[in-house]
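Pasted below: model.csv, CSV, C-alpha atoms.
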```
chain,number,residue,atom,x,y,z
A,1,MET,CA,8.7,-23.4,10.7
A,2,CYS,CA,7.7,-25.4,7.7
A,3,LEU,CA,5.0,-27.9,8.6
A,4,ALA,CA,6.0,-31.5,8.3
A,5,ILE,CA,3.2,-32.9,6.2
A,6,PRO,CA,3.5,-36.6,5.4
A,7,CYS,CA,3.3,-37.0,1.6
A,8,ARG,CA,2.5,-40.3,0.0
A,9,VAL,CA,4.6,-41.5,-2.9
A,10,VAL,CA,2.3,-42.5,-5.7
A,11,GLU,CA,4.8,-43.0,-8.5
A,12,LEU,CA,8.6,-43.4,-8.9
A,13,ARG,CA,10.1,-41.6,-11.8
A,14,GLY,CA,13.5,-41.7,-13.3
A,15,ASP,CA,16.6,-39.8,-12.1
A,16,GLU,CA,15.7,-40.1,-8.4
A,17,HIS,CA,12.4,-38.3,-8.7
A,18,ALA,CA,8.9,-39.3,-7.5
A,19,LEU,CA,5.3,-38.1,-7.7
A,20,ILE,CA,3.8,-37.4,-4.3
A,21,ASP,CA,0.2,-36.8,-3.2
A,22,VAL,CA,-0.8,-34.6,-0.3
A,23,ALA,CA,-4.4,-33.5,0.4
A,24,GLY,CA,-5.3,-34.5,-3.2
A,25,MET,CA,-2.5,-32.4,-4.7
A,26,ARG,CA,0.3,-34.0,-6.7
A,27,LYS,CA,3.8,-32.8,-7.2
A,28,GLU,CA,7.1,-34.2,-8.5
A,29,ILE,CA,9.9,-34.1,-5.9
A,30,SER,CA,13.5,-35.3,-5.6
A,31,LEU,CA,14.5,-38.4,-3.7
A,32,ALA,CA,18.2,-37.5,-3.7
A,33,LEU,CA,18.4,-37.1,0.1
A,34,VAL,CA,16.6,-40.3,1.2
A,35,ASP,CA,17.4,-43.9,0.4
A,36,GLY,CA,15.1,-46.8,-0.4
A,37,VAL,CA,11.8,-45.0,-0.9
A,38,GLY,CA,9.0,-47.0,-2.7
A,39,VAL,CA,5.5,-46.4,-3.9
A,40,GLY,CA,3.1,-46.2,-0.9
A,41,ASP,CA,5.8,-44.8,1.5
A,42,TYR,CA,5.3,-41.5,3.2
A,43,VAL,CA,8.0,-38.8,3.1
A,44,ILE,CA,8.5,-35.4,4.6
A,45,VAL,CA,9.1,-32.9,1.9
A,46,HIS,CA,10.7,-29.4,1.8
A,47,VAL,CA,11.4,-27.2,-1.2
A,48,GLY,CA,11.2,-30.1,-3.6
A,49,TYR,CA,13.3,-32.6,-1.6
A,50,ALA,CA,12.1,-35.6,0.4
A,51,LEU,CA,13.9,-35.1,3.7
A,52,THR,CA,12.9,-38.2,5.6
A,53,ARG,CA,10.9,-41.4,5.2
A,54,LEU,CA,8.2,-42.1,7.8
A,55,ASP,CA,6.7,-45.4,8.9
A,56,PRO,CA,3.1,-45.5,7.7
A,57,GLU,CA,1.6,-45.7,11.2
A,58,GLU,CA,3.4,-42.5,12.3
A,59,ALA,CA,2.5,-40.8,9.1
A,60,GLU,CA,-1.2,-41.6,9.6
A,61,LYS,CA,-1.0,-40.2,13.2
A,62,THR,CA,0.6,-37.0,12.0
A,63,LEU,CA,-1.9,-36.6,9.2
A,64,ALA,CA,-4.8,-37.0,11.7
A,65,LEU,CA,-3.1,-34.2,13.7
A,66,PHE,CA,-2.9,-31.9,10.8
A,67,ALA,CA,-6.5,-32.6,10.0
A,68,GLU,CA,-7.3,-30.9,13.3
A,69,LEU,CA,-5.7,-27.8,12.0
A,70,GLY,CA,-8.2,-27.9,9.2
A,71,ASP,CA,-8.2,-28.4,5.4
A,72,ALA,CA,-7.1,-24.8,4.8
A,73,ALA,CA,-3.9,-25.3,6.9
A,74,LEU,CA,-3.2,-28.5,5.1
A,75,ARG,CA,-3.6,-26.8,1.7
A,76,ASP,CA,-1.4,-23.9,2.8
A,77,ALA,CA,1.3,-26.3,4.0
A,78,ALA,CA,1.1,-28.4,0.8
A,79,GLY,CA,1.4,-25.2,-1.2
A,80,GLY,CA,4.7,-24.6,0.5
A,81,LEU,CA,6.2,-27.8,-0.7
A,82,HIS,CA,7.5,-26.7,-4.0
B,83,MET,CA,0.3,-25.8,-5.7
B,84,ASP,CA,2.8,-23.1,-6.6
B,85,GLN,CA,2.0,-20.6,-3.9
B,86,GLY,CA,4.6,-20.4,-1.3
B,87,GLY,CA,4.7,-19.6,2.4
B,88,LEU,CA,6.2,-16.2,1.6
B,89,HIS,CA,5.5,-13.9,-1.3
B,90,LEU,CA,8.2,-11.3,-1.8
B,91,ARG,CA,7.1,-8.4,-4.1
B,92,LEU,CA,9.8,-6.1,-5.3
B,93,THR,CA,8.9,-2.7,-7.0
B,94,TRP,CA,11.5,-1.8,-9.6
B,95,ASP,CA,11.9,1.6,-11.4
B,96,GLY,CA,14.2,0.6,-14.2
B,97,ALA,CA,17.4,1.4,-12.2
B,98,ARG,CA,16.9,0.0,-8.7
B,99,VAL,CA,14.5,-1.8,-6.4
B,100,VAL,CA,12.6,1.0,-4.8
B,101,ALA,CA,10.3,-0.9,-2.4
B,102,ALA,CA,9.4,-4.4,-1.2
B,103,ARG,CA,6.5,-6.1,0.4
B,104,VAL,CA,6.3,-9.4,2.2
B,105,ALA,CA,3.0,-11.4,2.3
B,106,SER,CA,2.9,-14.5,4.4
B,107,THR,CA,0.4,-17.3,4.3
B,108,ARG,CA,1.9,-19.1,7.3
B,109,ARG,CA,-0.5,-20.1,10.1
B,110,PRO,CA,0.1,-20.4,13.8
B,111,ALA,CA,0.7,-24.2,13.9
B,112,ALA,CA,1.2,-24.0,17.6
B,113,ARG,CA,-2.5,-23.9,18.1
B,114,VAL,CA,-2.7,-27.7,17.5
B,115,LEU,CA,-0.9,-28.2,20.7
B,116,ARG,CA,-3.5,-26.5,22.8
B,117,GLY,CA,-5.7,-28.7,24.9
B,118,LEU,CA,-3.4,-31.7,24.8
B,119,PRO,CA,-1.9,-33.4,27.8
B,120,ALA,CA,1.6,-31.8,28.4
B,121,ALA,CA,3.5,-35.0,27.7
B,122,GLN,CA,1.7,-35.6,24.5
B,123,ALA,CA,2.3,-32.0,23.3
B,124,ALA,CA,6.1,-32.5,24.0
B,125,ALA,CA,6.1,-35.7,21.9
B,126,LEU,CA,4.1,-34.1,19.1
B,127,ALA,CA,6.0,-30.8,18.7
B,128,PRO,CA,9.0,-32.3,16.8
B,129,ARG,CA,6.7,-34.1,14.4
B,130,LEU,CA,4.9,-30.9,13.3
B,131,PHE,CA,7.9,-29.3,11.7
B,132,SER,CA,10.1,-30.6,9.0
B,133,LEU,CA,13.4,-28.5,9.0
B,134,CYS,CA,13.9,-27.8,12.7
B,135,ALA,CA,12.4,-30.8,14.4
B,136,GLN,CA,15.2,-31.0,16.9
B,137,ALA,CA,15.0,-27.4,17.9
B,138,GLN,CA,11.2,-27.4,18.0
B,139,GLY,CA,11.2,-30.6,20.0
B,140,ALA,CA,13.8,-29.2,22.5
B,141,ALA,CA,12.0,-25.9,22.9
B,142,ALA,CA,8.7,-27.7,23.5
B,143,GLN,CA,10.2,-30.1,26.0
B,144,LEU,CA,12.0,-27.3,27.9
B,145,ALA,CA,9.0,-24.9,27.9
B,146,LEU,CA,6.5,-27.6,29.0
B,147,ALA,CA,8.9,-28.8,31.7
B,148,ALA,CA,9.4,-25.2,33.0
B,149,ALA,CA,5.7,-24.6,33.0
B,150,GLN,CA,5.3,-27.6,35.3
B,151,GLY,CA,8.1,-26.5,37.6
B,152,ALA,CA,10.5,-29.2,36.3
B,153,ARG,CA,14.0,-28.9,34.8
B,154,PRO,CA,15.6,-31.6,32.7
B,155,ASP,CA,18.8,-33.0,34.1
B,156,ALA,CA,22.3,-32.1,32.7
B,157,ALA,CA,22.5,-35.2,30.6
B,158,THR,CA,19.1,-34.5,29.0
B,159,LEU,CA,20.1,-30.9,28.3
B,160,ALA,CA,23.4,-31.9,26.8
B,161,GLY,CA,21.5,-34.4,24.5
B,162,LEU,CA,19.1,-31.7,23.4
B,163,ALA,CA,21.9,-29.3,22.8
B,164,ARG,CA,23.8,-31.8,20.7
B,165,GLY,CA,20.7,-32.6,18.6
B,166,VAL,CA,20.1,-28.8,18.1
B,167,ALA,CA,23.7,-28.3,17.1
B,168,LEU,CA,23.7,-31.2,14.6
B,169,GLU,CA,20.5,-29.9,13.0
B,170,ALA,CA,22.0,-26.4,12.7
B,171,VAL,CA,25.1,-27.8,11.0
B,172,GLY,CA,22.9,-29.7,8.5
B,173,GLU,CA,21.0,-26.5,7.7
B,174,HIS,CA,24.2,-24.5,7.2
B,175,LEU,CA,25.7,-27.1,4.9
B,176,TRP,CA,22.5,-27.3,2.9
B,177,ARG,CA,22.6,-23.5,2.3
B,178,LEU,CA,26.4,-23.5,1.6
B,179,LEU,CA,26.6,-26.6,-0.6
B,180,LEU,CA,23.2,-26.9,-2.3
B,181,ASP,CA,21.5,-23.4,-2.3
B,182,TRP,CA,24.3,-20.9,-2.7
B,183,PRO,CA,26.4,-22.3,-5.6
B,184,PRO,CA,23.6,-22.0,-8.3
B,185,LEU,CA,23.1,-18.3,-7.2
B,186,LEU,CA,26.8,-17.7,-7.7
B,187,GLY,CA,27.0,-19.3,-11.1
B,188,CYS,CA,28.4,-22.6,-9.8
B,189,THR,CA,27.0,-26.1,-9.6
B,190,ALA,CA,25.4,-27.4,-6.4
B,191,ARG,CA,27.8,-29.7,-4.5
B,192,ARG,CA,25.2,-32.4,-4.0
B,193,ASP,CA,27.5,-35.4,-3.4
B,194,GLU,CA,29.4,-33.6,-0.7
B,195,PHE,CA,26.2,-32.5,1.0
B,196,LEU,CA,24.8,-36.0,0.9
B,197,ALA,CA,28.0,-37.4,2.4
B,198,TRP,CA,27.8,-34.9,5.3
B,199,ARG,CA,24.1,-35.4,5.7
B,200,ARG,CA,24.5,-39.2,6.1
B,201,ARG,CA,27.2,-38.6,8.7
B,202,LEU,CA,25.0,-36.1,10.6
B,203,LEU,CA,22.1,-38.5,10.7
B,204,ALA,CA,24.3,-41.4,11.9
B,205,VAL,CA,25.6,-39.5,15.0
B,206,ASP,CA,24.6,-41.7,17.9
B,207,GLY,CA,26.7,-40.4,20.8
B,208,ASP,CA,29.4,-38.0,22.0
B,209,ALA,CA,32.2,-39.9,20.3
B,210,ALA,CA,30.6,-39.7,16.8
B,211,ALA,CA,29.7,-36.0,17.4
B,212,ARG,CA,33.3,-35.3,18.4
B,213,ALA,CA,34.7,-37.0,15.3
B,214,LEU,CA,32.2,-35.2,13.0
B,215,GLY,CA,33.1,-31.9,14.6
B,216,ALA,CA,36.8,-32.5,14.0
B,217,ASP,CA,36.3,-33.4,10.4
B,218,LEU,CA,34.1,-30.4,9.9
B,219,LEU,CA,36.8,-28.1,11.3
B,220,ALA,CA,39.4,-29.7,8.9
B,221,TRP,CA,37.0,-29.3,6.0
B,222,LEU,CA,36.2,-25.6,6.8
B,223,ARG,CA,40.0,-24.8,6.8
B,224,THR,CA,40.0,-25.8,3.1
B,225,GLU,CA,36.9,-23.9,2.2
B,226,SER,CA,36.9,-20.3,0.9
B,227,VAL,CA,34.0,-18.1,1.6
B,228,PRO,CA,32.2,-16.7,-1.4
B,229,ALA,CA,31.6,-13.0,-1.2
B,230,PRO,CA,28.9,-11.7,-3.6
B,231,ALA,CA,29.3,-8.1,-4.6
B,232,GLN,CA,25.7,-7.2,-3.9
B,233,ALA,CA,25.5,-3.8,-2.1
B,234,GLY,CA,23.3,-2.9,0.8
B,235,VAL,CA,23.0,-3.4,4.5
B,236,ALA,CA,19.7,-3.7,6.4
B,237,GLY,CA,18.7,-0.6,8.3
B,238,VAL,CA,17.5,-2.7,11.2
B,239,ALA,CA,19.2,-3.6,14.4
B,240,LEU,CA,20.7,-7.1,15.0
B,241,LEU,CA,18.7,-8.9,17.6
B,242,PRO,CA,20.9,-9.1,20.8
B,243,GLN,CA,21.6,-12.6,22.2
B,244,LEU,CA,19.1,-12.9,25.0
B,245,ASP,CA,18.4,-15.8,27.3
B,246,ALA,CA,15.0,-17.1,28.2
B,247,ALA,CA,14.9,-14.9,31.4
B,248,ALA,CA,15.3,-11.8,29.2
B,249,TRP,CA,12.5,-12.9,26.9
B,250,ALA,CA,10.2,-13.5,29.9
B,251,GLY,CA,9.9,-9.7,30.1
B,252,VAL,CA,8.4,-9.5,26.6
B,253,ALA,CA,4.6,-10.0,26.0
B,254,LEU,CA,4.7,-12.9,23.6
B,255,ASP,CA,1.4,-13.6,21.9
B,256,GLU,CA,0.1,-14.6,18.4
B,257,ASP,CA,0.3,-11.0,17.2
B,258,PHE,CA,3.9,-10.8,18.4
B,259,ALA,CA,4.7,-14.1,16.8
B,260,ALA,CA,3.3,-12.9,13.4
B,261,ALA,CA,5.5,-9.7,13.4
B,262,PRO,CA,8.0,-9.7,16.3
B,263,VAL,CA,9.9,-6.6,17.3
B,264,TRP,CA,12.6,-5.8,19.8
B,265,ALA,CA,12.5,-2.5,21.6
B,266,GLY,CA,9.6,-1.6,19.4
B,267,GLN,CA,11.5,-2.2,16.2
B,268,ALA,CA,12.0,-5.0,13.7
B,269,ALA,CA,15.4,-6.7,14.2
B,270,GLU,CA,17.5,-9.3,12.4
B,271,THR,CA,18.1,-12.7,13.8
B,272,GLY,CA,20.4,-15.6,12.6
B,273,ALA,CA,24.1,-16.1,11.9
B,274,LEU,CA,24.8,-12.5,11.4
B,275,ALA,CA,23.2,-11.5,14.7
B,276,ARG,CA,25.3,-14.2,16.4
B,277,ARG,CA,28.6,-13.6,14.6
B,278,HIS,CA,28.6,-9.9,13.7
B,279,ALA,CA,31.8,-9.3,15.8
B,280,GLU,CA,33.8,-11.9,13.9
B,281,PRO,CA,36.4,-9.9,11.9
B,282,ALA,CA,35.7,-11.0,8.3
B,283,THR,CA,31.9,-10.6,8.9
B,284,ALA,CA,32.3,-7.2,10.5
B,285,ALA,CA,34.6,-5.9,7.7
B,286,LEU,CA,32.1,-6.9,5.0
B,287,ARG,CA,29.2,-5.3,6.9
B,288,ALA,CA,31.2,-2.1,7.4
B,289,ALA,CA,31.8,-2.1,3.7
B,290,GLY,CA,28.1,-2.2,3.0
B,291,ARG,CA,28.0,-5.7,1.7
B,292,GLY,CA,25.3,-7.3,3.8
B,293,VAL,CA,24.8,-10.5,1.7
B,294,ALA,CA,28.5,-11.3,1.8
B,295,ALA,CA,28.6,-10.5,5.5
B,296,ARG,CA,25.8,-13.0,6.1
B,297,LEU,CA,27.6,-15.7,4.2
B,298,ALA,CA,30.8,-15.1,6.2
B,299,ALA,CA,28.7,-15.1,9.4
B,300,ARG,CA,27.2,-18.5,8.3
B,301,HIS,CA,30.7,-19.9,7.9
B,302,ALA,CA,31.8,-18.5,11.3
B,303,ASP,CA,28.6,-20.0,12.9
B,304,LEU,CA,29.4,-23.4,11.3
B,305,HIS,CA,32.9,-23.1,12.6
B,306,CYS,CA,31.7,-22.4,16.1
B,307,LEU,CA,29.2,-25.3,15.9
B,308,ALA,CA,31.9,-27.7,14.7
B,309,ALA,CA,34.3,-26.6,17.4
B,310,ALA,CA,31.6,-27.1,20.0
B,311,LEU,CA,30.9,-30.6,18.7
B,312,ALA,CA,34.6,-31.5,18.6
B,313,SER,CA,35.2,-30.3,22.2
B,314,ARG,CA,35.1,-32.5,25.3
B,315,PRO,CA,32.6,-32.6,26.8
B,316,VAL,CA,30.4,-31.8,23.8
B,317,ALA,CA,29.4,-28.2,23.9
B,318,PRO,CA,27.6,-26.0,23.0
B,319,GLN,CA,27.0,-25.6,26.7
B,320,PRO,CA,23.2,-25.8,27.1
B,321,ALA,CA,23.0,-22.4,28.7
B,322,GLY,CA,24.5,-20.9,25.5
B,323,TRP,CA,22.2,-22.5,22.9
B,324,LEU,CA,19.0,-23.3,24.8
B,325,ASP,CA,17.4,-22.5,28.1
B,326,ALA,CA,14.0,-22.1,29.7
B,327,VAL,CA,12.4,-20.2,32.6
B,328,PRO,CA,9.1,-20.8,34.5
B,329,LEU,CA,6.6,-18.0,34.4
B,330,ALA,CA,3.7,-17.0,36.7
B,331,ASP,CA,0.4,-19.0,36.5
B,332,GLY,CA,1.9,-22.2,35.1
B,333,GLY,CA,3.7,-20.6,32.3
B,334,GLY,CA,7.0,-21.7,30.7
B,335,LEU,CA,9.2,-20.1,28.2
B,336,ALA,CA,12.1,-21.7,26.2
B,337,ARG,CA,14.7,-20.2,23.9
B,338,VAL,CA,16.6,-22.3,21.4
B,339,GLU,CA,19.2,-21.0,18.9
B,340,THR,CA,18.8,-22.4,15.4
B,341,ALA,CA,20.7,-22.0,12.1
B,342,ARG,CA,18.1,-19.3,11.2
B,343,GLY,CA,18.0,-17.5,14.5
B,344,VAL,CA,16.3,-17.6,17.8
B,345,LEU,CA,13.2,-19.8,18.4
B,346,LEU,CA,10.9,-19.1,21.3
B,347,HIS,CA,8.2,-21.3,22.7
B,348,LEU,CA,5.8,-19.9,25.3
B,349,THR,CA,3.2,-22.2,26.9
B,350,GLN,CA,0.9,-22.4,29.8
B,351,VAL,CA,0.0,-25.7,31.5
B,352,LYS,CA,-3.0,-26.1,33.8
B,353,ASP,CA,-4.0,-29.4,35.4
B,354,GLY,CA,-1.5,-31.2,33.2
B,355,ARG,CA,-3.0,-29.9,30.0
B,356,VAL,CA,-1.6,-27.2,27.6
B,357,GLY,CA,-3.5,-24.0,27.7
B,358,GLY,CA,-1.9,-21.4,25.6
B,359,TYR,CA,0.9,-22.1,23.1
B,360,VAL,CA,2.8,-19.6,21.1
B,361,ILE,CA,5.9,-20.2,18.8
B,362,VAL,CA,8.0,-17.2,17.6
B,363,ALA,CA,10.2,-18.4,14.7
B,364,PRO,CA,13.2,-16.7,13.1
B,365,THR,CA,11.5,-16.2,9.7
B,366,GLU,CA,9.0,-13.8,11.2
B,367,TRP,CA,11.9,-11.5,12.4
B,368,ASN,CA,13.8,-11.4,9.1
B,369,PHE,CA,10.7,-11.2,6.9
B,370,HIS,CA,8.8,-8.7,9.1
B,371,PRO,CA,6.9,-6.1,7.0
B,372,GLN,CA,9.6,-3.6,8.1
B,373,GLY,CA,12.3,-6.1,8.6
B,374,ALA,CA,15.8,-6.9,7.2
B,375,PHE,CA,14.6,-8.2,3.8
B,376,VAL,CA,12.3,-5.3,3.1
B,377,ARG,CA,14.7,-2.6,4.3
B,378,GLU,CA,17.8,-4.0,2.6
B,379,ILE,CA,16.4,-4.7,-0.8
B,380,ALA,CA,14.9,-1.2,-1.1
B,381,GLY,CA,17.5,0.9,-2.9
B,382,CYS,CA,19.4,-2.1,-4.4
B,383,PRO,CA,20.7,-1.2,-7.9
B,384,ALA,CA,19.3,-3.4,-10.7
B,385,ALA,CA,19.7,-2.7,-14.4
B,386,SER,CA,17.0,-5.2,-15.4
B,387,ARG,CA,14.0,-7.0,-14.1
B,388,ALA,CA,16.1,-10.2,-14.0
B,389,GLN,CA,18.8,-8.5,-11.9
B,390,ALA,CA,16.2,-7.2,-9.5
B,391,GLU,CA,14.8,-10.7,-9.0
B,392,ALA,CA,18.4,-12.2,-8.7
B,393,ALA,CA,19.2,-9.6,-6.0
B,394,GLY,CA,16.0,-10.5,-4.2
B,395,ARG,CA,16.8,-14.2,-4.4
B,396,ARG,CA,20.3,-13.7,-3.0
B,397,LEU,CA,19.1,-11.6,-0.1
B,398,ALA,CA,16.2,-13.9,0.7
B,399,LEU,CA,18.7,-16.9,0.8
B,400,ALA,CA,21.1,-14.9,3.0
B,401,LEU,CA,18.2,-14.3,5.4
B,402,ASP,CA,17.1,-17.9,5.0
B,403,PRO,CA,13.3,-18.2,5.4
B,404,CYS,CA,12.2,-21.7,6.7
B,405,VAL,CA,9.4,-21.9,4.1
B,406,ALA,CA,9.2,-21.8,0.4
B,407,TYR,CA,9.1,-18.3,-1.1
B,408,GLU,CA,8.5,-16.7,-4.5
B,409,ILE,CA,9.7,-13.4,-5.8
B,410,GLU,CA,7.6,-11.1,-8.0
B,411,VAL,CA,9.0,-8.0,-9.7
B,412,VAL,CA,6.6,-5.2,-10.5
B,413,ASP,CA,7.1,-1.8,-12.2
B,414,ALA,CA,7.2,1.3,-10.1
```

Take the structure in the file and give it back as structure tokens.
Amino acid sequence: MCLAIPCRVVELRGDEHALIDVAGMRKEISLALVDGVGVGDYVIVHVGYALTRLDPEEAEKTLALFAELGDAALRDAAGGLH
Amino acid sequence: MDQGGLHLRLTWDGARVVAARVASTRRPAARVLRGLPAAQAAALAPRLFSLCAQAQGAAAQLALAAAQGARPDAATLAGLARGVALEAVGEHLWRLLLDWPPLLGCTARRDEFLAWRRRLLAVDGDAAARALGADLLAWLRTESVPAPAQAGVAGVALLPQLDAAAWAGVALDEDFAAAPVWAGQAAETGALARRHAEPATAALRAAGRGVAARLAARHADLHCLAAALASRPVAPQPAGWLDAVPLADGGGLARVETARGVLLHLTQVKDGRVGGYVIVAPTEWNFHPQGAFVREIAGCPAASRAQAEAAGRRLALALDPCVAYEIEVVDA
């Protein structure tokens, strides 16, 4: 029941990796499972892999939803992304 | 950012793991659905969860419909069942091709996994599902099942296969969701609970090799899913993999089988809005404070700290939590 927090891609790195930002925290993840991700895109991440790419509008809606859960929940979920 | 959803702490005395403790930082995400119009909650549920979006979406749709006295038609149910089955196939393949090989001294089979994943995501109807199921069956015939030597079987019961009506008799609330029990005891859910009667799985379990038994059960489960997808009409029959019942006072309860085990959604709808909402997920069964992980790892021989950690990692993967986890080994 891992929460599907949209993570913004802030930097593309070599070897199918990227730097993401969620709730102000940054982490390097693998892009091996998704195609065509660029800087500014939102992705859903689990255990270090981007699983799916979201359209920005949907991502913003989902982020607003998680905001209702509170910052603590968002941080918990972000902590589980590694 | 390195704390996980589950912290698994093993106590090691130099010869074996003597005790284990599970700490969870997971929150009841279902709370966010409360107060929403029922239709909005059904649309939102699959967006909340990353790994099991199909199962969560199906459970929410069925529970909310049942709470409002409605029942999706046969075509809708079949579509939900197909989505749930494809998602379970993807999860099983992820474990078998990406996660298990490195723990068994092999290389992750990334390209094979990516090829299957692309096909799974591209399924757009019964014909594509049938073709995928047939190819999966053919592939499974060429696969051998790894059998790690790790000793130990959990001293907890396997959760019986219950339908939604049977779950309706259980008081499901947030406390239950945090540490679920069956007949007052922790129980194991997942592929082993579903496929324990399959001969190879049963033999490994009887031989005291719980981790290998779960791997065999995962293969058997994948075989059943592939056969169901390959059949005409596409099974799994909805009643086998997902169902729902209405409850008193505008309540609805849905049960969906997932790769990791049973998923339950309990909701209450009043005047078109969601009142209560509780989700009971598989991870809370298997990583219960007295559950399969804790009970099976206790007593596991380990000549070194690294061996203790590796044993913990193999058992955790066999039980397949849906959140990130970390393992800590401390001296007794």

Within 10 Å of chain A: each chain B residue with its shortest pair, all atoms listed in the file, as JSON lines:
```
{"residue": "B:Met83", "atom": "CA", "partner": "A:Gly79", "partner_atom": "CA", "distance": 4.7}
{"residue": "B:Asp84", "atom": "CA", "partner": "A:Gly79", "partner_atom": "CA", "distance": 6.0}
{"residue": "B:Gln85", "atom": "CA", "partner": "A:Gly79", "partner_atom": "CA", "distance": 5.4}
{"residue": "B:Gly86", "atom": "CA", "partner": "A:Gly80", "partner_atom": "CA", "distance": 4.6}
{"residue": "B:Gly87", "atom": "CA", "partner": "A:Gly80", "partner_atom": "CA", "distance": 5.3}
{"residue": "B:Leu88", "atom": "CA", "partner": "A:Gly80", "partner_atom": "CA", "distance": 8.6}
{"residue": "B:Thr107", "atom": "CA", "partner": "A:Asp76", "partner_atom": "CA", "distance": 7.0}
{"residue": "B:Arg108", "atom": "CA", "partner": "A:Asp76", "partner_atom": "CA", "distance": 7.4}
{"residue": "B:Arg109", "atom": "CA", "partner": "A:Ala73", "partner_atom": "CA", "distance": 7.0}
{"residue": "B:Pro110", "atom": "CA", "partner": "A:Ala73", "partner_atom": "CA", "distance": 9.4}
{"residue": "B:Ala111", "atom": "CA", "partner": "A:Leu69", "partner_atom": "CA", "distance": 7.6}
{"residue": "B:Ala112", "atom": "CA", "partner": "A:Leu69", "partner_atom": "CA", "distance": 9.7}
{"residue": "B:Arg113", "atom": "CA", "partner": "A:Leu69", "partner_atom": "CA", "distance": 7.9}
{"residue": "B:Val114", "atom": "CA", "partner": "A:Leu69", "partner_atom": "CA", "distance": 6.3}
{"residue": "B:Leu115", "atom": "CA", "partner": "A:Leu65", "partner_atom": "CA", "distance": 9.5}
{"residue": "B:Leu126", "atom": "CA", "partner": "A:Thr62", "partner_atom": "CA", "distance": 8.4}
{"residue": "B:Pro128", "atom": "CA", "partner": "A:Ala4", "partner_atom": "CA", "distance": 9.0}
{"residue": "B:Arg129", "atom": "CA", "partner": "A:Ala4", "partner_atom": "CA", "distance": 6.7}
{"residue": "B:Leu130", "atom": "CA", "partner": "A:Ala4", "partner_atom": "CA", "distance": 5.2}
{"residue": "B:Phe131", "atom": "CA", "partner": "A:Leu3", "partner_atom": "CA", "distance": 4.5}
{"residue": "B:Ser132", "atom": "CA", "partner": "A:Ala4", "partner_atom": "CA", "distance": 4.3}
{"residue": "B:Leu133", "atom": "CA", "partner": "A:Cys2", "partner_atom": "CA", "distance": 6.6}
{"residue": "B:Cys134", "atom": "CA", "partner": "A:Met1", "partner_atom": "CA", "distance": 7.1}
{"residue": "B:Ala135", "atom": "CA", "partner": "A:Ala4", "partner_atom": "CA", "distance": 8.9}
{"residue": "B:Gln138", "atom": "CA", "partner": "A:Met1", "partner_atom": "CA", "distance": 8.7}
{"residue": "B:Arg192", "atom": "CA", "partner": "A:Ala32", "partner_atom": "CA", "distance": 8.7}
{"residue": "B:Asp193", "atom": "CA", "partner": "A:Ala32", "partner_atom": "CA", "distance": 9.5}
{"residue": "B:Phe195", "atom": "CA", "partner": "A:Leu33", "partner_atom": "CA", "distance": 9.1}
{"residue": "B:Leu196", "atom": "CA", "partner": "A:Leu33", "partner_atom": "CA", "distance": 6.5}
{"residue": "B:Ala197", "atom": "CA", "partner": "A:Leu33", "partner_atom": "CA", "distance": 9.9}
{"residue": "B:Arg199", "atom": "CA", "partner": "A:Leu33", "partner_atom": "CA", "distance": 8.2}
{"residue": "B:Arg200", "atom": "CA", "partner": "A:Leu33", "partner_atom": "CA", "distance": 8.8}
{"residue": "B:Leu345", "atom": "CA", "partner": "A:Met1", "partner_atom": "CA", "distance": 9.6}
{"residue": "B:Ile361", "atom": "CA", "partner": "A:Met1", "partner_atom": "CA", "distance": 9.1}
{"residue": "B:Val362", "atom": "CA", "partner": "A:Met1", "partner_atom": "CA", "distance": 9.3}
{"residue": "B:Ala363", "atom": "CA", "partner": "A:Met1", "partner_atom": "CA", "distance": 6.6}
{"residue": "B:Pro364", "atom": "CA", "partner": "A:Met1", "partner_atom": "CA", "distance": 8.4}
{"residue": "B:Thr365", "atom": "CA", "partner": "A:Met1", "partner_atom": "CA", "distance": 7.8}
{"residue": "B:Glu366", "atom": "CA", "partner": "A:Met1", "partner_atom": "CA", "distance": 9.6}
{"residue": "B:Pro403", "atom": "CA", "partner": "A:Met1", "partner_atom": "CA", "distance": 8.7}
{"residue": "B:Cys404", "atom": "CA", "partner": "A:Met1", "partner_atom": "CA", "distance": 5.6}
{"residue": "B:Val405", "atom": "CA", "partner": "A:Cys2", "partner_atom": "CA", "distance": 5.3}
{"residue": "B:Ala406", "atom": "CA", "partner": "A:Gly80", "partner_atom": "CA", "distance": 5.3}
{"residue": "B:Tyr407", "atom": "CA", "partner": "A:Gly80", "partner_atom": "CA", "distance": 7.8}
```

Checklist entry - Quick one, how far is atom CA of B:Pro262 from atom CA of B:His370? => result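 Calculated distance between atom CA of B:Pro262 and atom CA of B:His370 is 7.3 Å.
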
Next on the checklist: Show me the residues close to (24.9, -13.6, 12.0) - anything with an atom within 9 Å, counting all atoms listed in the file - and format the list as a list in words.
Outcome noted: Leu240, Glu270, Thr271, Gly272, Ala273, Leu274, Ala275, Arg276, Arg277, His278, Ala279, Thr283, Ala295, Arg296, Leu297, Ala298, Ala299, Arg300, Ala302, Asp303, Arg342 and Gly343 of chain B

Checklist entry - Within 12 Å of (1.9, -20.3, 39.1), in the coordinates the file gives, what residues turn up when you count all atoms listed in the file, written out as a ChimeraX atom specification? => result /B:148-151,328-334,350-353

Item to check | 9 Å contact set for B:Ala125, only C-alpha atoms, chain neighbours under 5 positions out, as a PyMOL selection string | outcome: chain B and resi 120+139+142-143

Item to check | Residue neighbourhood B:Ala390, 9 Å, all atoms listed in the file, exclusion window fewer than 5 positions, as a list in words | outcome: Leu92, Thr93, Trp94, Arg98, Val99, Cys382, Pro383, Ala384, Ala385, Arg395 and Val411 of chain B
